[in-house]
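Note sheet for the following structure.
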Amino acid sequence: MRRRIVPYFLLGPGTIWLVVFFVVPLFYMAKLSLNAGVLGENLHFNWQWSNYSEALSAYDTQFFRSFLYAGTATLLALLISYPLAYTIAFKAGRWRNALLFAVIAPFFTTYLIRTIAWETILSDESPVTELLHTIGLAPSGHVLATGPAVIAGLTYNFLPFMILPIYASLERIDEGLIEAAKDLYASAAQAFWRVTLPLSAPGIVAGTLLTFIPAAGDYVNAQFLGGVGNRMIGNVIQSLYLSQADYPSAAALSFVLMALIMIAVVVYIRFAGSEALMGEEAQ
Amino acid sequence: MGKCDSKKHPGALSVAAVVAAFAVALGLTACGGGGGGIEGGGEKEAPKVKLEGKPSGSLTISNWPLYIDKGTVPAFEKATAVKVKYIEDINSNEEFFNKMQPLLSRGESGGRSIFVLADYMVAKMHQLGYLQELDKSALPNVERNLSASLKHPGFDPNRSYTVPWQSGMTGLIVNTQKAPDARSICDLFDPKYKGKVDMLNEVREAVPLTMKCEGVDPNQASEADWMKAIEKIKAAAESGQIRRFTGNDYARDLTSGDAVAVMGWSGDAVQLQEDNPNLEWRMPEEGCMLWSEDMVIPVGAPNPTAAEAWMDFVYEPKVQANIAEYVNYVTPVEGVKPVLAKRNPALAENQLIFPSASFTKRCSATPVIEGEEEQKVLKAFNAVLNG
């Protein structure tokens with residue numbers, strides 16, 4: 001009997017945490033999303049499902065934009081991370097720990113400060129912007145306060161979340177397998193495509209999820225690096241809560257965002273295969 | 001809960017713990033304002049401040065950033081033995097109100113005894129019954145020194161629940177090297193400055209100033225005038241004319257050169273000049289917007305006695321002179337000019353601190369929009385902000 005209780009005890013803290021800080025707030029937010037009226041002016045529960053349809057039709061542009069920005073940032077982060085993680089895992093030798101440290105080092109500064117630093121890096125008169133302008137990548141002469149600046153910020157801020165899982169999955173690969181592939185007359189490229197890449201798939205899937213999900217709901221990058229016409233859905237939710245006191249619409253938008261992300265993730269995992277996410281255990 | 005406890009078999013303990021935690025959480029969130037707390041509203045009778053002897057104890061003041069010099073708080077603590085917690089947590093009238101509203105509707109002030117908010121916002125809070133009437137017997141300096149022009153505003157004709165903190169003007173802040181010719185609000189819409197213009201994200205300032213460019217008096221404006229001005233802003237935003245909508249953060253764009261002409265507040269320019277001497281506040285050719293921000297005592301405020309002592313203290317001309325010298329906004333206190341004239345004659349002649357009637361003759365007061373019209377205008381303006 002005693003043994004049966006142990007798992008409950010172990011699950012206890014996590015369950016309580018989730019219930020108190022996730023399930024209960026979620027319940028109140030769901031209730032709020034079906035309220036009618038605005039804060040201070042007769043806000044009341046009314047099964048107001050129209051909050052959902054209205055929020056979705058009023059802010060479809062921002063939804064689309066959020067997914068576009070987050071998707072582009074995730075793709076860029078993947079393209080940057082994979083070669084980097086590969087190098088750290090297989091080629092770095094004694095520099096491996098130093099390089100890993102360099103990947104994690106930005107976390108010693110807060111997210112906000114790092115984003116604000118990009119304001120300076122991309123500001124109109126900075127050497128970076130002038131260079132981009134000269135080589136024709138910034139025809140208008142400004143990068144800051146544009147969509148690409150927001151995407152750049154998202155990519156930069158979530159890069160470690162992509163690098164680390166990919167590194168972890170690459171690092172676990174038995175190099176004997178790659179050697180075996182080569183013994184069986186696979187070229188280096190074939191060995192990579194048919195052995196290394198499939199074995200690192202769990203890292204790629206985990207990395208893309210860890211990047212895409214927070215990036216889609218992010219509002220800090222759009223706030224600091226974006227300008228007119230670059231606001232993401234997170235900014236809209238923040239403005240509905242704080243400047244317009246339209247709590248029901250804001251809550252409804254949060255749920256729509258959650259649902260859309262969930263759908264995207266399910267489709268993605270279906271497509272990528274759940275064993276890719278879970279690794280060997282699921283097979 | 002009693003029911004859960006009565007079941008006694010192995011394993012029930014953890015189940016009970018989860019149920020208990022759930023119940024506690026429900027209780028917590030219910031108290032936390034998720035449920036009934038944020039409902040309500042309507043007109044209420046305002047309570048009145050109850051004074052208790054000499055000011056003592058501690059006092060928490062909420063104000064905007066960089067809105068006071070470094071010496072005034074310590075001087076007040078020394079003069080009264082009140083311990084002050086001065087927090088700069090107000091960045092936007094709407095945001096502050098929406099954060100505090102759930103507390104205020106339950107008669108709590110979050111431990112704060114004084115807020116400093118714009119005229120229209122304190123008027124709204126008063127209507128909702130969130131503010132206390134002041135006891136004027138503890139405010140002799142305010143009675144004596146409050147500038148005559150501020151004594152009888154429309155929203156509080158006898159200043160029964162507000163004491164002005166500072167007034168100011170909203171106009172242009174310009175980089176005199178890069179946009180020497182930007183002299184009117186209309187110039188902000190000149191393609192010459194495309195992508196180099198910031199506009200305020202405050203609906204009650206950005207839209208009326210745009211109306212002035214259109215030749216409409218904001219205080220006579222119809223809903224159609226508001227919408228037309230918002231359309232103009234929208235077109236400028238979509239064409240890339242406006243770089244971004246900002247609050248105080250236009251400061252960053254101006255000092256880095258990313259913006260060359262913005263809508264801005266009069267006091268800010270003087271502080272910005274320290275970073276970039278080419279920045280200058282200009283009275284737009286169409287005139288400016290005039291505003292005031294007031295100290296108020298919210299319902300449930302602890303230690304209102306000390307709060308009134310503070311209000312009265314900053315109406316001492318010598319104390320106010322220090323604040324005026326630092327913040328460079330229009331001071332609401334009479335008798336500051338002679339004090340500053342002795343200390344710093346240039347400052348006493350500064351039109352931003354002591355504007356003459358001819359300087360502000362084309363300026364307008366913050367227009368009143370309420371009810372359904374306000375909702376419509378806010379919605380349209382926010383749609384532009386969220387582009």
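Chain labels run A, B, ... following the order of the structure tokens; each chain numbers its residues from 1, and ligands are numbered from 1 in the order shown.
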
Expected answer as number ranges by chain: chain A residues within 7 Å of chain B, only C-alpha atoms
A: 5, 8-9, 16, 19-20, 24, 28, 39-44, 123-124, 145, 227-229, 231, 236, 242-243, 245

Nearby residues (only C-alpha atoms) at most 12 Å from Asp135 in chain B, same-chain spacing under 6 positions excluded, as an NGL selection string
:B and (47-52 or 142-143 or 159-163 or 297 or 304-305 or 307-309 or 311-312)

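Residues in contact range of Ile213 in chain A, defined as at most 12 Å between only C-alpha atoms, with sequence neighbours fewer than 3 positions away removed, read Ser66, Phe67, Tyr69, Ala70, Gly71, Ala73, Thr74, Leu154, Phe158, Phe161, Met162, Val205, Ala206, Gly207, Thr208, Leu209, Leu210, Ala216, Gly217, Asp218, Leu257, Met258, Ala259, Leu260, Ile261, Met262, Ile263, Ala264 and Val265 of chain A.
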
For a test of reading the model, state the distance in Å between CA of Val73 in chain B and CA of Trp310 in chain B, rounded to one decimal.
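The value is 9.1 Å.
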
If we count only C-alpha atoms and set the cut-off at 8 Å, which residues sit around Ser81 in chain A, ignoring sequence neighbours fewer than 2 positions away in its own chain? Please answer as a list in words.
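The residues that qualify are Ala77, Leu78, Leu79, Pro83, Leu84, Ala85, Leu159, Met162, Ile163 and Ile166 of chain A.
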
Now that the selection is made, can you save its residues with C-alpha atoms as an mmCIF file, in the first residue's frame?
data_model
loop_
_atom_site.group_PDB
_atom_site.id
_atom_site.type_symbol
_atom_site.label_atom_id
_atom_site.label_comp_id
_atom_site.auth_asym_id
_atom_site.auth_seq_id
_atom_site.Cartn_x
_atom_site.Cartn_y
_atom_site.Cartn_z
ATOM 1 C CA ALA A 77 16.784 29.891 -35.725
ATOM 2 C CA LEU A 78 16.849 26.313 -37.022
ATOM 3 C CA LEU A 79 19.115 27.244 -39.932
ATOM 4 C CA PRO A 83 25.259 23.829 -37.973
ATOM 5 C CA LEU A 84 26.257 25.463 -34.706
ATOM 6 C CA ALA A 85 25.013 22.577 -32.546
ATOM 7 C CA LEU A 159 18.070 30.916 -30.366
ATOM 8 C CA MET A 162 16.755 25.845 -30.407
ATOM 9 C CA ILE A 163 20.465 25.177 -30.004
ATOM 10 C CA ILE A 166 19.493 19.968 -30.940
#

Check the DSSP output for the backbone and give back, as a CSV table (one decimal) with N, CA and C atoms, in the first residue's frame, the residues of range 23-185 of chain A in alpha helix (DSSP H).
chain,number,residue,atom,x,y,z
A,24,VAL,N,-6.8,26.9,-12.4
A,24,VAL,CA,-7.7,27.9,-11.8
A,24,VAL,C,-7.7,29.2,-12.6
A,25,PRO,N,-6.6,29.8,-12.8
A,25,PRO,CA,-6.6,31.1,-13.6
A,25,PRO,C,-7.2,30.9,-15.0
A,26,LEU,N,-7.0,29.7,-15.6
A,26,LEU,CA,-7.6,29.4,-16.9
A,26,LEU,C,-9.1,29.4,-16.8
A,27,PHE,N,-9.6,28.8,-15.7
A,27,PHE,CA,-11.0,28.7,-15.5
A,27,PHE,C,-11.6,30.1,-15.4
A,28,TYR,N,-10.9,31.0,-14.6
A,28,TYR,CA,-11.5,32.4,-14.5
A,28,TYR,C,-11.3,33.1,-15.8
A,29,MET,N,-10.3,32.8,-16.6
A,29,MET,CA,-10.1,33.5,-17.8
A,29,MET,C,-11.2,33.1,-18.8
A,30,ALA,N,-11.5,31.8,-18.8
A,30,ALA,CA,-12.6,31.3,-19.7
A,30,ALA,C,-13.9,31.9,-19.3
A,31,LYS,N,-14.2,32.1,-18.0
A,31,LYS,CA,-15.4,32.7,-17.6
A,31,LYS,C,-15.4,34.2,-18.0
A,32,LEU,N,-14.3,34.8,-17.8
A,32,LEU,CA,-14.1,36.2,-18.2
A,32,LEU,C,-14.4,36.4,-19.7
A,33,SER,N,-13.9,35.5,-20.5
A,33,SER,CA,-14.0,35.6,-22.0
A,33,SER,C,-15.4,35.5,-22.4
A,50,SER,N,-20.0,35.8,-28.8
A,50,SER,CA,-19.7,36.7,-29.9
A,50,SER,C,-18.3,37.3,-29.6
A,51,ASN,N,-17.8,37.3,-28.3
A,51,ASN,CA,-16.5,37.9,-28.0
A,51,ASN,C,-15.5,37.1,-28.9
A,52,TYR,N,-15.7,35.8,-29.1
A,52,TYR,CA,-14.7,35.1,-29.8
A,52,TYR,C,-14.7,35.4,-31.3
A,53,SER,N,-15.9,35.4,-31.9
A,53,SER,CA,-16.0,35.7,-33.3
A,53,SER,C,-15.5,37.1,-33.6
A,54,GLU,N,-16.0,38.0,-32.7
A,54,GLU,CA,-15.6,39.4,-33.0
A,54,GLU,C,-14.1,39.6,-32.8
A,55,ALA,N,-13.5,39.0,-31.8
A,55,ALA,CA,-12.1,39.2,-31.6
A,55,ALA,C,-11.3,38.6,-32.7
A,56,LEU,N,-11.7,37.5,-33.2
A,56,LEU,CA,-11.0,36.8,-34.3
A,56,LEU,C,-11.1,37.6,-35.6
A,57,SER,N,-12.3,38.2,-35.8
A,57,SER,CA,-12.4,38.9,-37.1
A,57,SER,C,-11.8,40.3,-37.0
A,58,ALA,N,-11.7,40.9,-35.8
A,58,ALA,CA,-11.1,42.2,-35.7
A,58,ALA,C,-9.6,42.1,-35.7
A,60,ASP,N,-7.7,39.4,-37.1
A,60,ASP,CA,-7.1,38.3,-37.9
A,60,ASP,C,-5.7,38.7,-38.5
A,61,THR,N,-5.6,40.0,-38.8
A,61,THR,CA,-4.3,40.4,-39.4
A,61,THR,C,-3.2,40.1,-38.4
A,62,GLN,N,-3.4,40.5,-37.1
A,62,GLN,CA,-2.4,40.4,-36.1
A,62,GLN,C,-2.1,38.9,-35.8
A,63,PHE,N,-3.1,38.0,-35.9
A,63,PHE,CA,-2.9,36.6,-35.7
A,63,PHE,C,-2.0,36.1,-36.8
A,64,PHE,N,-2.3,36.4,-38.1
A,64,PHE,CA,-1.6,36.0,-39.2
A,64,PHE,C,-0.1,36.5,-39.1
A,65,ARG,N,0.0,37.7,-38.7
A,65,ARG,CA,1.3,38.3,-38.6
A,65,ARG,C,2.2,37.6,-37.5
A,66,SER,N,1.5,37.3,-36.4
A,66,SER,CA,2.2,36.6,-35.3
A,66,SER,C,2.8,35.3,-35.8
A,67,PHE,N,1.9,34.5,-36.5
A,67,PHE,CA,2.4,33.2,-36.9
A,67,PHE,C,3.4,33.3,-38.0
A,68,LEU,N,3.3,34.3,-38.8
A,68,LEU,CA,4.3,34.6,-39.9
A,68,LEU,C,5.6,34.9,-39.2
A,69,TYR,N,5.6,35.9,-38.3
A,69,TYR,CA,6.9,36.3,-37.7
A,69,TYR,C,7.5,35.1,-36.9
A,70,ALA,N,6.6,34.4,-36.1
A,70,ALA,CA,7.2,33.3,-35.3
A,70,ALA,C,7.7,32.2,-36.1
A,71,GLY,N,6.9,31.9,-37.2
A,71,GLY,CA,7.4,30.8,-38.1
A,71,GLY,C,8.7,31.2,-38.8
A,72,THR,N,8.8,32.4,-39.3
A,72,THR,CA,10.1,32.8,-39.9
A,72,THR,C,11.2,32.8,-39.0
A,73,ALA,N,11.0,33.3,-37.7
A,73,ALA,CA,12.0,33.3,-36.7
A,73,ALA,C,12.4,31.9,-36.4
A,74,THR,N,11.5,30.9,-36.3
A,74,THR,CA,11.8,29.6,-36.0
A,74,THR,C,12.6,28.9,-37.1
A,75,LEU,N,12.3,29.2,-38.3
A,75,LEU,CA,13.0,28.7,-39.4
A,75,LEU,C,14.5,29.2,-39.4
A,76,LEU,N,14.6,30.5,-39.2
A,76,LEU,CA,15.9,31.1,-39.2
A,76,LEU,C,16.7,30.5,-38.1
A,77,ALA,N,16.1,30.4,-36.9
A,77,ALA,CA,16.8,29.9,-35.7
A,77,ALA,C,17.3,28.5,-36.0
A,78,LEU,N,16.5,27.7,-36.7
A,78,LEU,CA,16.8,26.3,-37.0
A,78,LEU,C,18.1,26.3,-37.9
A,79,LEU,N,18.0,27.2,-39.0
A,79,LEU,CA,19.1,27.2,-39.9
A,79,LEU,C,20.4,27.7,-39.3
A,80,ILE,N,20.3,28.6,-38.3
A,80,ILE,CA,21.5,29.0,-37.6
A,80,ILE,C,21.9,28.0,-36.6
A,81,SER,N,21.0,27.3,-35.9
A,81,SER,CA,21.3,26.5,-34.8
A,81,SER,C,21.9,25.1,-35.2
A,82,TYR,N,21.4,24.6,-36.2
A,82,TYR,CA,21.8,23.2,-36.5
A,82,TYR,C,23.3,23.1,-36.8
A,83,PRO,N,23.8,23.9,-37.7
A,83,PRO,CA,25.3,23.8,-38.0
A,83,PRO,C,26.1,24.1,-36.7
A,84,LEU,N,25.5,25.1,-35.9
A,84,LEU,CA,26.3,25.5,-34.7
A,84,LEU,C,26.3,24.3,-33.7
A,85,ALA,N,25.1,23.7,-33.5
A,85,ALA,CA,25.0,22.6,-32.5
A,85,ALA,C,25.9,21.4,-33.1
A,86,TYR,N,25.8,21.2,-34.4
A,86,TYR,CA,26.6,20.1,-35.0
A,86,TYR,C,28.1,20.3,-34.7
A,96,ARG,N,34.4,22.7,-26.6
A,96,ARG,CA,33.0,22.4,-26.5
A,96,ARG,C,32.3,23.1,-25.3
A,97,ASN,N,32.9,23.0,-24.1
A,97,ASN,CA,32.3,23.6,-23.0
A,97,ASN,C,32.3,25.2,-23.1
A,98,ALA,N,33.4,25.7,-23.6
A,98,ALA,CA,33.4,27.1,-23.8
A,98,ALA,C,32.3,27.6,-24.7
A,99,LEU,N,32.1,26.9,-25.8
A,99,LEU,CA,31.1,27.3,-26.8
A,99,LEU,C,29.7,27.1,-26.2
A,100,LEU,N,29.5,26.0,-25.4
A,100,LEU,CA,28.2,25.9,-24.8
A,100,LEU,C,27.9,27.0,-23.8
A,101,PHE,N,29.0,27.4,-23.1
A,101,PHE,CA,28.8,28.5,-22.2
A,101,PHE,C,28.5,29.8,-23.0
A,102,ALA,N,29.1,30.0,-24.1
A,102,ALA,CA,28.8,31.1,-24.9
A,102,ALA,C,27.3,31.2,-25.3
A,103,VAL,N,26.8,30.0,-25.6
A,103,VAL,CA,25.4,29.9,-26.0
A,103,VAL,C,24.4,30.3,-24.9
A,104,ILE,N,24.8,29.9,-23.6
A,104,ILE,CA,24.0,30.2,-22.5
A,104,ILE,C,24.2,31.6,-21.9
A,111,TYR,N,16.1,39.3,-20.6
A,111,TYR,CA,15.5,39.4,-21.9
A,111,TYR,C,15.2,40.8,-22.4
A,112,LEU,N,14.7,41.6,-21.5
A,112,LEU,CA,14.4,43.0,-21.8
A,112,LEU,C,15.6,43.8,-22.2
A,113,ILE,N,16.6,43.7,-21.4
A,113,ILE,CA,17.8,44.5,-21.7
A,113,ILE,C,18.4,44.0,-23.1
A,114,ARG,N,18.4,42.7,-23.3
A,114,ARG,CA,18.9,42.3,-24.6
A,114,ARG,C,18.1,42.8,-25.8
A,115,THR,N,16.8,42.9,-25.6
A,115,THR,CA,16.0,43.4,-26.7
A,115,THR,C,16.2,44.9,-26.9
A,116,ILE,N,16.4,45.6,-25.8
A,116,ILE,CA,16.6,47.0,-25.9
A,116,ILE,C,18.0,47.3,-26.5
A,117,ALA,N,18.9,46.4,-26.3
A,117,ALA,CA,20.3,46.5,-26.9
A,117,ALA,C,20.1,46.5,-28.4
A,118,TRP,N,19.2,45.6,-28.9
A,118,TRP,CA,19.0,45.5,-30.4
A,118,TRP,C,18.4,46.8,-30.9
A,119,GLU,N,17.7,47.6,-30.1
A,119,GLU,CA,17.3,48.9,-30.6
A,119,GLU,C,18.5,49.8,-31.0
A,120,THR,N,19.5,49.7,-30.2
A,120,THR,CA,20.7,50.5,-30.5
A,120,THR,C,21.5,49.9,-31.7
A,121,ILE,N,21.5,48.5,-31.7
A,121,ILE,CA,22.2,47.9,-32.9
A,121,ILE,C,21.6,48.2,-34.2
A,127,PRO,N,26.2,51.5,-37.5
A,127,PRO,CA,27.0,51.0,-38.6
A,127,PRO,C,26.3,49.8,-39.3
A,128,VAL,N,25.6,49.0,-38.5
A,128,VAL,CA,24.9,47.8,-39.0
A,128,VAL,C,23.9,48.2,-40.0
A,129,THR,N,23.0,49.2,-39.7
A,129,THR,CA,22.0,49.7,-40.6
A,129,THR,C,22.6,50.3,-41.8
A,130,GLU,N,23.7,51.0,-41.6
A,130,GLU,CA,24.4,51.7,-42.8
A,130,GLU,C,24.9,50.6,-43.7
A,131,LEU,N,25.5,49.6,-43.2
A,131,LEU,CA,26.0,48.5,-44.0
A,131,LEU,C,24.9,47.8,-44.8
A,132,LEU,N,23.8,47.5,-44.1
A,132,LEU,CA,22.6,46.9,-44.7
A,132,LEU,C,22.1,47.8,-45.9
A,133,HIS,N,22.1,49.1,-45.6
A,133,HIS,CA,21.6,50.0,-46.6
A,133,HIS,C,22.5,50.0,-47.8
A,134,THR,N,23.8,50.0,-47.6
A,134,THR,CA,24.8,50.0,-48.7
A,134,THR,C,24.7,48.8,-49.6
A,147,GLY,N,9.1,45.1,-39.7
A,147,GLY,CA,8.9,43.6,-39.5
A,147,GLY,C,10.2,42.8,-39.4
A,148,PRO,N,11.1,43.0,-40.3
A,148,PRO,CA,12.4,42.2,-40.2
A,148,PRO,C,13.1,42.5,-38.9
A,149,ALA,N,13.0,43.7,-38.3
A,149,ALA,CA,13.7,43.9,-37.0
A,149,ALA,C,13.0,43.0,-36.0
A,150,VAL,N,11.7,42.9,-36.0
A,150,VAL,CA,11.0,42.1,-35.0
A,150,VAL,C,11.4,40.6,-35.2
A,151,ILE,N,11.4,40.2,-36.4
A,151,ILE,CA,11.8,38.8,-36.7
A,151,ILE,C,13.3,38.5,-36.2
A,152,ALA,N,14.1,39.5,-36.5
A,152,ALA,CA,15.5,39.4,-36.0
A,152,ALA,C,15.6,39.2,-34.5
A,153,GLY,N,14.8,40.1,-33.8
A,153,GLY,CA,14.8,40.0,-32.4
A,153,GLY,C,14.3,38.7,-31.8
A,154,LEU,N,13.2,38.2,-32.4
A,154,LEU,CA,12.6,36.9,-32.0
A,154,LEU,C,13.7,35.8,-32.2
A,155,THR,N,14.3,35.8,-33.4
A,155,THR,CA,15.3,34.8,-33.7
A,155,THR,C,16.4,34.8,-32.7
A,156,TYR,N,16.9,36.0,-32.4
A,156,TYR,CA,18.0,36.1,-31.5
A,156,TYR,C,17.6,35.6,-30.1
A,157,ASN,N,16.4,36.1,-29.6
A,157,ASN,CA,16.0,35.8,-28.3
A,157,ASN,C,15.8,34.4,-28.0
A,158,PHE,N,15.3,33.7,-29.0
A,158,PHE,CA,14.9,32.3,-28.8
A,158,PHE,C,15.9,31.3,-29.3
A,159,LEU,N,17.0,31.8,-29.8
A,159,LEU,CA,18.1,30.9,-30.4
A,159,LEU,C,18.6,29.8,-29.4
A,160,PRO,N,18.9,30.2,-28.2
A,160,PRO,CA,19.4,29.1,-27.3
A,160,PRO,C,18.4,28.0,-27.1
A,161,PHE,N,17.1,28.3,-27.1
A,161,PHE,CA,16.1,27.2,-27.0
A,161,PHE,C,16.1,26.3,-28.1
A,162,MET,N,16.6,26.7,-29.3
A,162,MET,CA,16.8,25.8,-30.4
A,162,MET,C,18.1,25.1,-30.3
A,163,ILE,N,19.1,25.8,-30.0
A,163,ILE,CA,20.5,25.2,-30.0
A,163,ILE,C,20.6,24.0,-29.0
A,164,LEU,N,20.1,24.3,-27.8
A,164,LEU,CA,20.3,23.3,-26.7
A,164,LEU,C,19.7,21.9,-26.9
A,165,PRO,N,18.4,21.9,-27.3
A,165,PRO,CA,17.8,20.5,-27.6
A,165,PRO,C,18.5,19.8,-28.7
A,166,ILE,N,18.8,20.6,-29.8
A,166,ILE,CA,19.5,20.0,-30.9
A,166,ILE,C,20.9,19.4,-30.5
A,167,TYR,N,21.6,20.3,-29.8
A,167,TYR,CA,22.9,19.8,-29.3
A,167,TYR,C,22.7,18.5,-28.5
A,168,ALA,N,21.7,18.5,-27.5
A,168,ALA,CA,21.6,17.4,-26.7
A,168,ALA,C,21.3,16.1,-27.5
A,169,SER,N,20.5,16.2,-28.5
A,169,SER,CA,20.2,15.0,-29.3
A,169,SER,C,21.4,14.6,-30.2
A,170,LEU,N,22.1,15.6,-30.7
A,170,LEU,CA,23.3,15.2,-31.5
A,170,LEU,C,24.4,14.6,-30.6
A,171,GLU,N,24.5,15.1,-29.4
A,171,GLU,CA,25.6,14.7,-28.6
A,171,GLU,C,25.4,13.2,-28.1
A,175,GLU,N,28.8,7.6,-32.3
A,175,GLU,CA,29.5,7.9,-33.5
A,175,GLU,C,29.8,6.6,-34.3
A,176,GLY,N,29.7,5.5,-33.6
A,176,GLY,CA,29.9,4.2,-34.2
A,176,GLY,C,28.9,4.0,-35.3
A,177,LEU,N,27.7,4.5,-35.2
A,177,LEU,CA,26.7,4.4,-36.2
A,177,LEU,C,27.1,5.1,-37.5
A,178,ILE,N,27.7,6.3,-37.3
A,178,ILE,CA,28.1,7.0,-38.5
A,178,ILE,C,29.3,6.3,-39.2
A,179,GLU,N,30.1,5.8,-38.3
A,179,GLU,CA,31.3,5.0,-38.9
A,179,GLU,C,30.8,3.8,-39.6
A,180,ALA,N,29.7,3.1,-39.1
A,180,ALA,CA,29.2,1.9,-39.7
A,180,ALA,C,28.6,2.3,-41.1
A,181,ALA,N,27.9,3.5,-41.1
A,181,ALA,CA,27.3,3.9,-42.4
A,181,ALA,C,28.4,4.1,-43.4
A,182,LYS,N,29.5,4.7,-43.0
A,182,LYS,CA,30.7,4.9,-43.9
A,182,LYS,C,31.3,3.6,-44.3
A,183,ASP,N,31.4,2.6,-43.4
A,183,ASP,CA,31.9,1.3,-43.7
A,183,ASP,C,31.0,0.7,-44.8

Asn248 in chain B environment, 10 Å, only C-alpha atoms, sequence neighbours closer than 2 positions dropped, as a compact mmCIF listing (two decimals) with C-alpha atoms, in the first residue's frame:
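Output file part_38.txt follows:
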# COMPACT_ATOMS: atom_id res chain seq x y z
CA PRO B 65 8.80 58.75 -13.64
CA ASN B 91 3.24 55.23 -17.13
CA SER B 92 -0.16 55.73 -18.64
CA LEU B 200 1.82 60.04 -29.10
CA ASN B 201 -0.21 56.97 -28.21
CA THR B 246 5.10 56.23 -28.31
CA TYR B 250 10.01 59.02 -27.99
CA ALA B 251 13.02 60.18 -25.98
CA ARG B 252 15.01 57.20 -27.23
CA GLY B 264 5.98 65.69 -27.17
CA TRP B 265 5.54 67.10 -23.69
CA ASP B 268 10.76 66.51 -21.48

Can you pull out every residue within 8 Å of Ile237 in chain A, counting only C-alpha atoms, but drop anything in the same chain fewer than 3 positions away, and send it as a ChimeraX atom specification?
/A:233-234,240-241,250-251,253-254

With N, CA and C atoms retained, could you export that selection as an mmCIF file, in the first residue's frame?
data_model
loop_
_atom_site.group_PDB
_atom_site.id
_atom_site.type_symbol
_atom_site.label_atom_id
_atom_site.label_comp_id
_atom_site.auth_asym_id
_atom_site.auth_seq_id
_atom_site.Cartn_x
_atom_site.Cartn_y
_atom_site.Cartn_z
ATOM 1 N N ILE A 233 -0.048 39.606 -31.895
ATOM 2 C CA ILE A 233 -1.273 39.378 -31.145
ATOM 3 C C ILE A 233 -1.053 39.618 -29.635
ATOM 4 N N GLY A 234 0.165 39.356 -29.169
ATOM 5 C CA GLY A 234 0.487 39.624 -27.762
ATOM 6 C C GLY A 234 0.312 41.096 -27.425
ATOM 7 N N LEU A 240 -5.591 45.443 -25.033
ATOM 8 C CA LEU A 240 -6.998 45.240 -24.660
ATOM 9 C C LEU A 240 -7.149 45.167 -23.140
ATOM 10 N N TYR A 241 -6.227 44.492 -22.477
ATOM 11 C CA TYR A 241 -6.297 44.393 -21.020
ATOM 12 C C TYR A 241 -6.035 45.750 -20.373
ATOM 13 N N ALA A 250 -9.940 40.428 -24.532
ATOM 14 C CA ALA A 250 -8.552 40.021 -24.321
ATOM 15 C C ALA A 250 -8.498 38.552 -23.920
ATOM 16 N N ALA A 251 -9.404 38.142 -23.026
ATOM 17 C CA ALA A 251 -9.418 36.747 -22.591
ATOM 18 C C ALA A 251 -9.783 35.833 -23.758
ATOM 19 N N LEU A 253 -9.262 36.408 -26.928
ATOM 20 C CA LEU A 253 -8.114 36.333 -27.832
ATOM 21 C C LEU A 253 -7.053 35.379 -27.292
ATOM 22 N N SER A 254 -6.852 35.408 -25.958
ATOM 23 C CA SER A 254 -5.855 34.515 -25.372
ATOM 24 C C SER A 254 -6.225 33.065 -25.640
#

Find the residues around range 114-121 of chain B up to 7 Å (only C-alpha atoms counted), leave out those fewer than 6 positions away in its own chain, and share them as a compact mmCIF listing (two decimals) with N, CA and C atoms, in the first residue's frame.
# COMPACT_ATOMS: atom_id res chain seq x y z
N THR B 60 2.66 56.25 1.14
CA THR B 60 3.07 55.75 -0.18
C THR B 60 2.44 56.61 -1.27
N ILE B 61 3.30 57.11 -2.16
CA ILE B 61 2.85 58.00 -3.23
C ILE B 61 3.17 57.36 -4.58
N SER B 62 2.17 57.30 -5.46
CA SER B 62 2.40 56.82 -6.82
C SER B 62 2.47 58.01 -7.76
N ASN B 63 3.56 58.10 -8.51
CA ASN B 63 3.68 59.21 -9.46
C ASN B 63 4.33 58.71 -10.74
N ASN B 93 -2.23 56.83 -18.02
CA ASN B 93 -3.44 56.98 -17.22
C ASN B 93 -4.31 55.74 -17.30
N SER B 292 -3.38 69.18 -17.20
CA SER B 292 -2.94 69.22 -15.80
C SER B 292 -3.03 67.82 -15.24
N GLU B 293 -2.17 67.54 -14.30
CA GLU B 293 -2.28 66.29 -13.56
C GLU B 293 -2.45 66.60 -12.09
N ASP B 294 -3.29 65.82 -11.44
CA ASP B 294 -3.69 66.15 -10.08
C ASP B 294 -3.31 65.08 -9.08
N MET B 295 -3.01 65.53 -7.87
CA MET B 295 -2.87 64.60 -6.75
C MET B 295 -4.26 64.31 -6.22
N VAL B 296 -4.53 63.03 -5.99
CA VAL B 296 -5.82 62.65 -5.41
C VAL B 296 -5.58 61.62 -4.32
N ILE B 297 -6.53 61.52 -3.37
CA ILE B 297 -6.45 60.50 -2.33
C ILE B 297 -7.52 59.45 -2.62
N PRO B 298 -7.11 58.22 -2.97
CA PRO B 298 -8.10 57.19 -3.32
C PRO B 298 -8.83 56.65 -2.09
N ALA B 307 -0.95 62.23 3.84
CA ALA B 307 -1.14 62.54 2.42
C ALA B 307 -1.46 64.02 2.23

Please measure the separation of CA of Gly14 in chain A and CA of Ile204 in chain A, giving the value in Å to one decimal.
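Computed distance, CA of Gly14 in chain A to CA of Ile204 in chain A, equals 26.8 Å.
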